[in-house]
Amino acid sequence: MADKGQIVQRVKGVKDILPVDSPVWQWVEDTARETFEGFSYSEIRIPVFERTDVFSRAIGETSDIVEKEMYTFTDRGGESLTLRPEGTASVVRAYVENKLYNPPGAKKLYYMGPMFRAERPQAGRYRQFHQLGAELFGPENPSADAETIHLLMSIFKNLHLEDLTLRINSLGCPQCRPAFRQKLAEYLDSRREALCDNCQRRIDKNPLRVLDCKAHGCGVIADEAPSVTESLCGECSAHFDRTRTLLAAVGVDGKVDPKLVRGLDYYSRTAFEVSSTALGAQDAVAGGGRYNSLVEQFGGPPTPAIGFAIGLERLISLLGNDGAPLGPELFFIALCPEAEEKVFQLAGALREEGYMVDMSYGGGLKSQLKQADRASAELAVIIGEEEMARSVALVKEMKSGEQFTVAFDELIKWLDKHLLGEE
RNA sequence: GUGAGCGUAGCUCAGUCGGUAGAGCACUGGAUUGUGGUUCCAGUGGUCGCGGGUUCAAGCCCCGUCGCUCACCCCA
């Protein structure tokens, strides 16, 4: 089968997260978890694959994701399964299936993990990428919308990301959206010739998408198009205003953008997106919105919900890589077999004490010290024949070059004092 | 799915008109038989992505192919 000795390459569009990069990932994940906890969220771990219809039902049969970007396969039982292209559909499925709507009230869930979309890779776009998302089920009040957006912005703030743009919009509800859609379609039809080919097709299929088309001509037409904001019904309008008032109260300023339209079919009312000019063409770091009918679509009781997802690769590319991996506190060097046994014993004891300990696996003193240096160790602990004979270790401070002779029995106490300043 | 650019040492890259495969960093050894990180000296390291073609001769030109990157599309 496999060609012996041939290098196997990773699948197109996937990435290895290497040791140099993992500290940043861990920091982001830890910071996000802390922030979620501060907002009383609990983690939910959803499967990486689902029955295909979980996604086609939630995201919309005609969306690009479902039509051409899903990794779908048939399992041994002949069932169609799909690697999750996003998290919301699975969380909703799990919410309904596990009856998390009982006891009644708000349910706050977050998740993080890999997602899969068979797109052509590009800067900020991969076939396996990672999302970190949150879903709030239950409340319909604008306070839920504002809190969710505040949570999202708090995560960025805690990661010290400042230069981000938050745009918000209201897409209306089943009561007022059809009228707007109609009005927009009529306007666009009157300007049909000036639109790009793609948008001409969208006039009937999904006229809202024309609003965020990047083609220059379409942008001009979109600017003059009837605005969603003016077409909102009284309730939607009040909901949107209240959301913005509450956001202002926590110091979050989002730019109202009537042209913001989200790609997934399930959104209603509040929609938002966070982007960065530092990202290139794929400039959205996070996006989300309200989806009030999805739980019902999945067979649950009518339950309004709102959520967002953050793209981790994009977010991390904004952070830069100033996360130098931490070296061990101690690096043991043995110069003879007897010393090696002693090193095993001492290193074991110190690891139990909680010290970060590494050791060499052989070589001369010179080469082993070089290894300690390369590992960025703080202290090198050298034990050879001379030291064995005297029952002492030679402890070298790598940065200064200063050396100390410490009796084996005294080593832990000496280190506590030297490294931690404890008596 | 469409388009463009790029594939040379572990890494970053140079390679003129088609004429012997290069540099810096890294790595190994020595100066120093038990002392790293600085310095000096020496050395190892190549399927020039892969396959074909043109040519006396191809890293360089031509065709194909694979990969990477960026953009369109779409989205996080």
# chains A, B, ... in the order shown; residues from 1 in each chain; ligands from 1
>>> residues_around(residues="region 52-62 of chain A", least_positions_apart="2", cutoff="10 Å", atoms="only C-alpha atoms (C1' of nucleotides)", output="ChimeraX atom specification")
/A:49-50,64-68,70-74,79-90,92-93,205,263-267,293-295,297-298
>>> select_by_dssp(residues="region 182-397 of chain A", states="strand (DSSP E or B)", output="PyMOL selection string")
chain A and resi 255-256+268-275+284-290+305-311+330-334+357-359+379-383+392-397
>>> write_last_selection(atoms="C-alpha atoms", output="PDB file, in the first residue's frame")
ATOM      1  CA  LYS A 255     -21.071  50.757  14.029  1.00  0.00           C
ATOM      2  CA  VAL A 256     -24.562  50.284  12.702  1.00  0.00           C
ATOM      3  CA  SER A 268     -33.143  37.003  12.363  1.00  0.00           C
ATOM      4  CA  ARG A 269     -33.066  40.423  14.006  1.00  0.00           C
ATOM      5  CA  THR A 270     -29.625  41.127  15.460  1.00  0.00           C
ATOM      6  CA  ALA A 271     -26.615  40.306  13.313  1.00  0.00           C
ATOM      7  CA  PHE A 272     -23.033  41.335  13.992  1.00  0.00           C
ATOM      8  CA  GLU A 273     -19.533  40.866  12.710  1.00  0.00           C
ATOM      9  CA  VAL A 274     -16.062  41.729  13.966  1.00  0.00           C
ATOM     10  CA  SER A 275     -13.370  42.402  11.412  1.00  0.00           C
ATOM     11  CA  ALA A 284     -13.923  38.650   9.547  1.00  0.00           C
ATOM     12  CA  VAL A 285     -12.637  37.381  12.898  1.00  0.00           C
ATOM     13  CA  ALA A 286     -16.030  36.662  14.382  1.00  0.00           C
ATOM     14  CA  GLY A 287     -19.652  36.746  13.427  1.00  0.00           C
ATOM     15  CA  GLY A 288     -22.988  35.936  14.913  1.00  0.00           C
ATOM     16  CA  GLY A 289     -26.570  36.827  15.393  1.00  0.00           C
ATOM     17  CA  ARG A 290     -29.972  35.881  16.664  1.00  0.00           C
ATOM     18  CA  ALA A 305     -31.433  32.044  20.788  1.00  0.00           C
ATOM     19  CA  ILE A 306     -28.405  34.108  19.923  1.00  0.00           C
ATOM     20  CA  GLY A 307     -24.773  33.220  19.426  1.00  0.00           C
ATOM     21  CA  PHE A 308     -21.449  33.875  17.758  1.00  0.00           C
ATOM     22  CA  ALA A 309     -18.348  32.117  16.531  1.00  0.00           C
ATOM     23  CA  ILE A 310     -14.745  33.301  16.490  1.00  0.00           C
ATOM     24  CA  GLY A 311     -12.251  32.070  13.896  1.00  0.00           C
ATOM     25  CA  LEU A 330      16.431  22.407  35.967  1.00  0.00           C
ATOM     26  CA  PHE A 331      18.446  20.445  33.471  1.00  0.00           C
ATOM     27  CA  PHE A 332      20.253  17.375  34.783  1.00  0.00           C
ATOM     28  CA  ILE A 333      23.592  16.263  33.401  1.00  0.00           C
ATOM     29  CA  ALA A 334      25.065  12.872  34.290  1.00  0.00           C
ATOM     30  CA  VAL A 357      12.789  19.268  35.106  1.00  0.00           C
ATOM     31  CA  ASP A 358      14.523  18.074  31.962  1.00  0.00           C
ATOM     32  CA  MET A 359      17.599  15.931  31.518  1.00  0.00           C
ATOM     33  CA  LEU A 379      19.968  25.853  36.125  1.00  0.00           C
ATOM     34  CA  ALA A 380      22.143  22.949  35.033  1.00  0.00           C
ATOM     35  CA  VAL A 381      22.725  20.243  37.652  1.00  0.00           C
ATOM     36  CA  ILE A 382      25.952  18.429  36.900  1.00  0.00           C
ATOM     37  CA  ILE A 383      26.822  15.105  38.523  1.00  0.00           C
ATOM     38  CA  VAL A 392      27.206  16.662  46.045  1.00  0.00           C
ATOM     39  CA  ALA A 393      25.788  18.171  42.872  1.00  0.00           C
ATOM     40  CA  LEU A 394      27.343  20.991  40.917  1.00  0.00           C
ATOM     41  CA  VAL A 395      24.591  23.501  40.195  1.00  0.00           C
ATOM     42  CA  LYS A 396      25.319  25.990  37.454  1.00  0.00           C
ATOM     43  CA  GLU A 397      23.287  29.109  36.873  1.00  0.00           C
TER      44      GLU A 397
END
>>> atom_distance(atom1="CA of Ser237 (chain A)", atom2="CA of Leu260 (chain A)")
16.0 Å
>>> interface_residues(of="chain B", to="chain A", cutoff="8 Å", atoms="only C-alpha atoms (C1' of nucleotides)", output="ChimeraX atom specification")
/B:34-37,69-71,74-76
>>> select_by_dssp(residues="region 103-320 of chain A", states="helix (DSSP H, G or I)", output="JSON, numbers by chain")
{"A": [142, 143, 144, 145, 146, 147, 148, 149, 150, 151, 152, 153, 154, 155, 156, 157, 158, 177, 178, 179, 180, 181, 182, 183, 184, 185, 186, 187, 188, 189, 190, 192, 193, 194, 197, 198, 199, 200, 201, 202, 203, 204, 205, 207, 208, 209, 210, 211, 212, 216, 217, 218, 219, 220, 221, 222, 223, 224, 228, 229, 230, 231, 234, 235, 236, 237, 238, 239, 240, 241, 242, 243, 244, 245, 246, 247, 248, 249, 277, 278, 279, 294, 295, 296, 297, 312, 313, 314, 315, 316, 317, 318, 319]}
>>> residues_around(residues="region 52-60 of chain B", least_positions_apart="3", cutoff="10 Å", atoms="only C-alpha atoms (C1' of nucleotides)", output="PDB file with all heavy atoms, in the first residue's frame")
ATOM      1  P     U B   8      12.517  25.674  -2.919  1.00  0.00           P
ATOM      2  OP1   U B   8      12.529  24.557  -1.951  1.00  0.00           O
ATOM      3  OP2   U B   8      12.538  27.063  -2.458  1.00  0.00           O
ATOM      4  O5'   U B   8      13.721  25.461  -3.942  1.00  0.00           O
ATOM      5  C5'   U B   8      14.136  24.150  -4.298  1.00  0.00           C
ATOM      6  C4'   U B   8      15.622  24.092  -4.477  1.00  0.00           C
ATOM      7  O4'   U B   8      16.040  25.103  -5.440  1.00  0.00           O
ATOM      8  C3'   U B   8      16.450  24.422  -3.245  1.00  0.00           C
ATOM      9  O3'   U B   8      16.550  23.339  -2.349  1.00  0.00           O
ATOM     10  C2'   U B   8      17.774  24.808  -3.874  1.00  0.00           C
ATOM     11  O2'   U B   8      18.453  23.653  -4.341  1.00  0.00           O
ATOM     12  C1'   U B   8      17.305  25.618  -5.075  1.00  0.00           C
ATOM     13  N1    U B   8      17.150  27.054  -4.776  1.00  0.00           N
ATOM     14  C2    U B   8      18.298  27.829  -4.682  1.00  0.00           C
ATOM     15  O2    U B   8      19.423  27.370  -4.835  1.00  0.00           O
ATOM     16  N3    U B   8      18.093  29.150  -4.398  1.00  0.00           N
ATOM     17  C4    U B   8      16.900  29.773  -4.200  1.00  0.00           C
ATOM     18  O4    U B   8      16.874  30.967  -3.953  1.00  0.00           O
ATOM     19  C5    U B   8      15.740  28.915  -4.306  1.00  0.00           C
ATOM     20  C6    U B   8      15.922  27.615  -4.579  1.00  0.00           C
ATOM     21  P     G B  15      19.343  36.211  -8.297  1.00  0.00           P
ATOM     22  OP1   G B  15      19.549  37.429  -9.101  1.00  0.00           O
ATOM     23  OP2   G B  15      17.972  35.636  -8.150  1.00  0.00           O
ATOM     24  O5'   G B  15      20.292  35.051  -8.829  1.00  0.00           O
ATOM     25  C5'   G B  15      21.612  35.345  -9.249  1.00  0.00           C
ATOM     26  C4'   G B  15      22.357  34.078  -9.551  1.00  0.00           C
ATOM     27  O4'   G B  15      22.288  33.193  -8.405  1.00  0.00           O
ATOM     28  C3'   G B  15      21.812  33.229 -10.698  1.00  0.00           C
ATOM     29  O3'   G B  15      22.185  33.723 -11.971  1.00  0.00           O
ATOM     30  C2'   G B  15      22.425  31.870 -10.383  1.00  0.00           C
ATOM     31  O2'   G B  15      23.788  31.814 -10.738  1.00  0.00           O
ATOM     32  C1'   G B  15      22.297  31.837  -8.856  1.00  0.00           C
ATOM     33  N9    G B  15      21.041  31.190  -8.472  1.00  0.00           N
ATOM     34  C8    G B  15      19.878  31.798  -8.049  1.00  0.00           C
ATOM     35  N7    G B  15      18.922  30.947  -7.805  1.00  0.00           N
ATOM     36  C5    G B  15      19.480  29.698  -8.099  1.00  0.00           C
ATOM     37  C6    G B  15      18.923  28.394  -8.031  1.00  0.00           C
ATOM     38  O6    G B  15      17.789  28.073  -7.697  1.00  0.00           O
ATOM     39  N1    G B  15      19.838  27.421  -8.412  1.00  0.00           N
ATOM     40  C2    G B  15      21.120  27.671  -8.801  1.00  0.00           C
ATOM     41  N2    G B  15      21.844  26.592  -9.143  1.00  0.00           N
ATOM     42  N3    G B  15      21.664  28.872  -8.878  1.00  0.00           N
ATOM     43  C4    G B  15      20.785  29.837  -8.505  1.00  0.00           C
ATOM     44  P     G B  18      20.183  32.349 -21.846  1.00  0.00           P
ATOM     45  OP1   G B  18      19.793  32.120 -23.238  1.00  0.00           O
ATOM     46  OP2   G B  18      19.224  32.974 -20.886  1.00  0.00           O
ATOM     47  O5'   G B  18      20.637  30.961 -21.218  1.00  0.00           O
ATOM     48  C5'   G B  18      20.650  30.775 -19.805  1.00  0.00           C
ATOM     49  C4'   G B  18      21.413  29.524 -19.460  1.00  0.00           C
ATOM     50  O4'   G B  18      20.873  28.431 -20.241  1.00  0.00           O
ATOM     51  C3'   G B  18      22.897  29.596 -19.781  1.00  0.00           C
ATOM     52  O3'   G B  18      23.591  28.753 -18.861  1.00  0.00           O
ATOM     53  C2'   G B  18      22.968  28.938 -21.146  1.00  0.00           C
ATOM     54  O2'   G B  18      24.227  28.387 -21.461  1.00  0.00           O
ATOM     55  C1'   G B  18      21.915  27.831 -20.972  1.00  0.00           C
ATOM     56  N9    G B  18      21.371  27.312 -22.220  1.00  0.00           N
ATOM     57  C8    G B  18      20.947  28.006 -23.314  1.00  0.00           C
ATOM     58  N7    G B  18      20.512  27.237 -24.278  1.00  0.00           N
ATOM     59  C5    G B  18      20.671  25.952 -23.778  1.00  0.00           C
ATOM     60  C6    G B  18      20.379  24.699 -24.360  1.00  0.00           C
ATOM     61  O6    G B  18      19.904  24.465 -25.479  1.00  0.00           O
ATOM     62  N1    G B  18      20.701  23.655 -23.518  1.00  0.00           N
ATOM     63  C2    G B  18      21.230  23.793 -22.242  1.00  0.00           C
ATOM     64  N2    G B  18      21.469  22.676 -21.597  1.00  0.00           N
ATOM     65  N3    G B  18      21.502  24.958 -21.694  1.00  0.00           N
ATOM     66  C4    G B  18      21.198  25.988 -22.512  1.00  0.00           C
ATOM     67  P     G B  19      24.825  29.386 -17.965  1.00  0.00           P
ATOM     68  OP1   G B  19      24.345  29.380 -16.567  1.00  0.00           O
ATOM     69  OP2   G B  19      25.305  30.600 -18.601  1.00  0.00           O
ATOM     70  O5'   G B  19      25.941  28.259 -18.106  1.00  0.00           O
ATOM     71  C5'   G B  19      25.718  26.954 -17.565  1.00  0.00           C
ATOM     72  C4'   G B  19      26.995  26.141 -17.655  1.00  0.00           C
ATOM     73  O4'   G B  19      27.205  25.735 -19.018  1.00  0.00           O
ATOM     74  C3'   G B  19      28.261  26.880 -17.233  1.00  0.00           C
ATOM     75  O3'   G B  19      29.161  25.957 -16.629  1.00  0.00           O
ATOM     76  C2'   G B  19      28.829  27.380 -18.550  1.00  0.00           C
ATOM     77  O2'   G B  19      30.218  27.568 -18.522  1.00  0.00           O
ATOM     78  C1'   G B  19      28.460  26.225 -19.487  1.00  0.00           C
ATOM     79  N9    G B  19      28.267  26.617 -20.889  1.00  0.00           N
ATOM     80  C8    G B  19      28.096  27.870 -21.402  1.00  0.00           C
ATOM     81  N7    G B  19      27.908  27.873 -22.693  1.00  0.00           N
ATOM     82  C5    G B  19      27.966  26.530 -23.054  1.00  0.00           C
ATOM     83  C6    G B  19      27.823  25.907 -24.309  1.00  0.00           C
ATOM     84  O6    G B  19      27.599  26.430 -25.410  1.00  0.00           O
ATOM     85  N1    G B  19      27.951  24.521 -24.224  1.00  0.00           N
ATOM     86  C2    G B  19      28.180  23.843 -23.066  1.00  0.00           C
ATOM     87  N2    G B  19      28.272  22.523 -23.175  1.00  0.00           N
ATOM     88  N3    G B  19      28.309  24.408 -21.859  1.00  0.00           N
ATOM     89  C4    G B  19      28.187  25.744 -21.937  1.00  0.00           C
ATOM     90  P     A B  21      27.587  21.511 -11.132  1.00  0.00           P
ATOM     91  OP1   A B  21      27.521  20.128 -10.661  1.00  0.00           O
ATOM     92  OP2   A B  21      26.682  21.981 -12.207  1.00  0.00           O
ATOM     93  O5'   A B  21      27.380  22.494  -9.893  1.00  0.00           O
ATOM     94  C5'   A B  21      27.225  23.883 -10.114  1.00  0.00           C
ATOM     95  C4'   A B  21      26.948  24.594  -8.818  1.00  0.00           C
ATOM     96  O4'   A B  21      25.580  24.299  -8.403  1.00  0.00           O
ATOM     97  C3'   A B  21      27.855  24.184  -7.663  1.00  0.00           C
ATOM     98  O3'   A B  21      28.239  25.333  -6.944  1.00  0.00           O
ATOM     99  C2'   A B  21      26.955  23.297  -6.817  1.00  0.00           C
ATOM    100  O2'   A B  21      27.286  23.296  -5.456  1.00  0.00           O
ATOM    101  C1'   A B  21      25.592  23.938  -7.044  1.00  0.00           C
ATOM    102  N9    A B  21      24.473  23.040  -6.792  1.00  0.00           N
ATOM    103  C8    A B  21      24.440  21.677  -6.907  1.00  0.00           C
ATOM    104  N7    A B  21      23.292  21.139  -6.586  1.00  0.00           N
ATOM    105  C5    A B  21      22.516  22.236  -6.228  1.00  0.00           C
ATOM    106  C6    A B  21      21.198  22.353  -5.789  1.00  0.00           C
ATOM    107  N6    A B  21      20.385  21.309  -5.618  1.00  0.00           N
ATOM    108  N1    A B  21      20.721  23.583  -5.509  1.00  0.00           N
ATOM    109  C2    A B  21      21.533  24.621  -5.682  1.00  0.00           C
ATOM    110  N3    A B  21      22.788  24.656  -6.093  1.00  0.00           N
ATOM    111  C4    A B  21      23.233  23.415  -6.349  1.00  0.00           C
ATOM    112  P     C B  48      18.095  17.566  -8.172  1.00  0.00           P
ATOM    113  OP1   C B  48      17.566  17.723  -9.550  1.00  0.00           O
ATOM    114  OP2   C B  48      19.520  17.421  -7.934  1.00  0.00           O
ATOM    115  O5'   C B  48      17.596  18.799  -7.284  1.00  0.00           O
ATOM    116  C5'   C B  48      16.235  19.238  -7.408  1.00  0.00           C
ATOM    117  C4'   C B  48      16.161  20.701  -7.108  1.00  0.00           C
ATOM    118  O4'   C B  48      17.488  21.284  -7.041  1.00  0.00           O
ATOM    119  C3'   C B  48      15.400  21.506  -8.161  1.00  0.00           C
ATOM    120  O3'   C B  48      14.596  22.467  -7.495  1.00  0.00           O
ATOM    121  C2'   C B  48      16.481  22.198  -8.948  1.00  0.00           C
ATOM    122  O2'   C B  48      16.072  23.423  -9.492  1.00  0.00           O
ATOM    123  C1'   C B  48      17.534  22.431  -7.861  1.00  0.00           C
ATOM    124  N1    C B  48      18.894  22.563  -8.410  1.00  0.00           N
ATOM    125  C2    C B  48      19.433  23.846  -8.516  1.00  0.00           C
ATOM    126  O2    C B  48      18.761  24.821  -8.141  1.00  0.00           O
ATOM    127  N3    C B  48      20.676  23.986  -9.025  1.00  0.00           N
ATOM    128  C4    C B  48      21.357  22.912  -9.402  1.00  0.00           C
ATOM    129  N4    C B  48      22.577  23.106  -9.893  1.00  0.00           N
ATOM    130  C5    C B  48      20.810  21.596  -9.309  1.00  0.00           C
ATOM    131  C6    C B  48      19.599  21.472  -8.807  1.00  0.00           C
ATOM    132  P     C B  63       5.089  26.359 -22.286  1.00  0.00           P
ATOM    133  OP1   C B  63       3.952  27.125 -22.826  1.00  0.00           O
ATOM    134  OP2   C B  63       5.649  26.702 -20.955  1.00  0.00           O
ATOM    135  O5'   C B  63       4.708  24.808 -22.270  1.00  0.00           O
ATOM    136  C5'   C B  63       4.100  24.204 -23.406  1.00  0.00           C
ATOM    137  C4'   C B  63       3.928  22.717 -23.180  1.00  0.00           C
ATOM    138  O4'   C B  63       5.232  22.097 -23.012  1.00  0.00           O
ATOM    139  C3'   C B  63       3.188  22.326 -21.905  1.00  0.00           C
ATOM    140  O3'   C B  63       1.792  22.440 -22.042  1.00  0.00           O
ATOM    141  C2'   C B  63       3.652  20.885 -21.710  1.00  0.00           C
ATOM    142  O2'   C B  63       2.984  20.005 -22.591  1.00  0.00           O
ATOM    143  C1'   C B  63       5.120  20.989 -22.126  1.00  0.00           C
ATOM    144  N1    C B  63       6.006  21.200 -20.965  1.00  0.00           N
ATOM    145  C2    C B  63       6.358  20.091 -20.184  1.00  0.00           C
ATOM    146  O2    C B  63       5.909  18.976 -20.492  1.00  0.00           O
ATOM    147  N3    C B  63       7.165  20.250 -19.114  1.00  0.00           N
ATOM    148  C4    C B  63       7.622  21.463 -18.801  1.00  0.00           C
ATOM    149  N4    C B  63       8.416  21.575 -17.739  1.00  0.00           N
ATOM    150  C5    C B  63       7.277  22.618 -19.571  1.00  0.00           C
ATOM    151  C6    C B  63       6.479  22.441 -20.637  1.00  0.00           C
ATOM    152  P     G B  64       0.920  22.774 -20.715  1.00  0.00           P
ATOM    153  OP1   G B  64      -0.476  22.943 -21.178  1.00  0.00           O
ATOM    154  OP2   G B  64       1.588  23.836 -19.952  1.00  0.00           O
ATOM    155  O5'   G B  64       1.019  21.419 -19.858  1.00  0.00           O
ATOM    156  C5'   G B  64       0.363  20.241 -20.319  1.00  0.00           C
ATOM    157  C4'   G B  64       0.838  19.041 -19.538  1.00  0.00           C
ATOM    158  O4'   G B  64       2.286  18.998 -19.520  1.00  0.00           O
ATOM    159  C3'   G B  64       0.480  19.005 -18.058  1.00  0.00           C
ATOM    160  O3'   G B  64      -0.857  18.620 -17.840  1.00  0.00           O
ATOM    161  C2'   G B  64       1.481  17.992 -17.528  1.00  0.00           C
ATOM    162  O2'   G B  64       1.085  16.674 -17.849  1.00  0.00           O
ATOM    163  C1'   G B  64       2.729  18.349 -18.348  1.00  0.00           C
ATOM    164  N9    G B  64       3.619  19.247 -17.590  1.00  0.00           N
ATOM    165  C8    G B  64       3.852  20.577 -17.793  1.00  0.00           C
ATOM    166  N7    G B  64       4.713  21.088 -16.935  1.00  0.00           N
ATOM    167  C5    G B  64       5.046  20.020 -16.115  1.00  0.00           C
ATOM    168  C6    G B  64       5.932  19.952 -15.010  1.00  0.00           C
ATOM    169  O6    G B  64       6.619  20.856 -14.505  1.00  0.00           O
ATOM    170  N1    G B  64       5.977  18.678 -14.463  1.00  0.00           N
ATOM    171  C2    G B  64       5.274  17.599 -14.926  1.00  0.00           C
ATOM    172  N2    G B  64       5.432  16.440 -14.275  1.00  0.00           N
ATOM    173  N3    G B  64       4.443  17.638 -15.968  1.00  0.00           N
ATOM    174  C4    G B  64       4.386  18.882 -16.500  1.00  0.00           C
TER     175        G B  64
END
>>> closest_residue(among="B:U12, B:U2, B:U44, B:U65", to="C27 (chain B)", atoms="only C-alpha atoms (C1' of nucleotides)")
B:U44
>>> atom_distance(atom1="CA of Arg244 (chain A)", atom2="CA of Ala146 (chain A)")
7.2 Å
>>> residues_around(residues="Leu195 (chain A)", least_positions_apart="3", cutoff="8 Å", atoms="only C-alpha atoms (C1' of nucleotides)", output="VMD selection string")
chain A and resid 191 to 192 198 to 200 217 to 218 221
>>> closest_residue(among="A:Ala134, A:Met356, A:Ala144, A:Cys176", to="Ala106 (chain A)", atoms="only C-alpha atoms")
A:Ala144
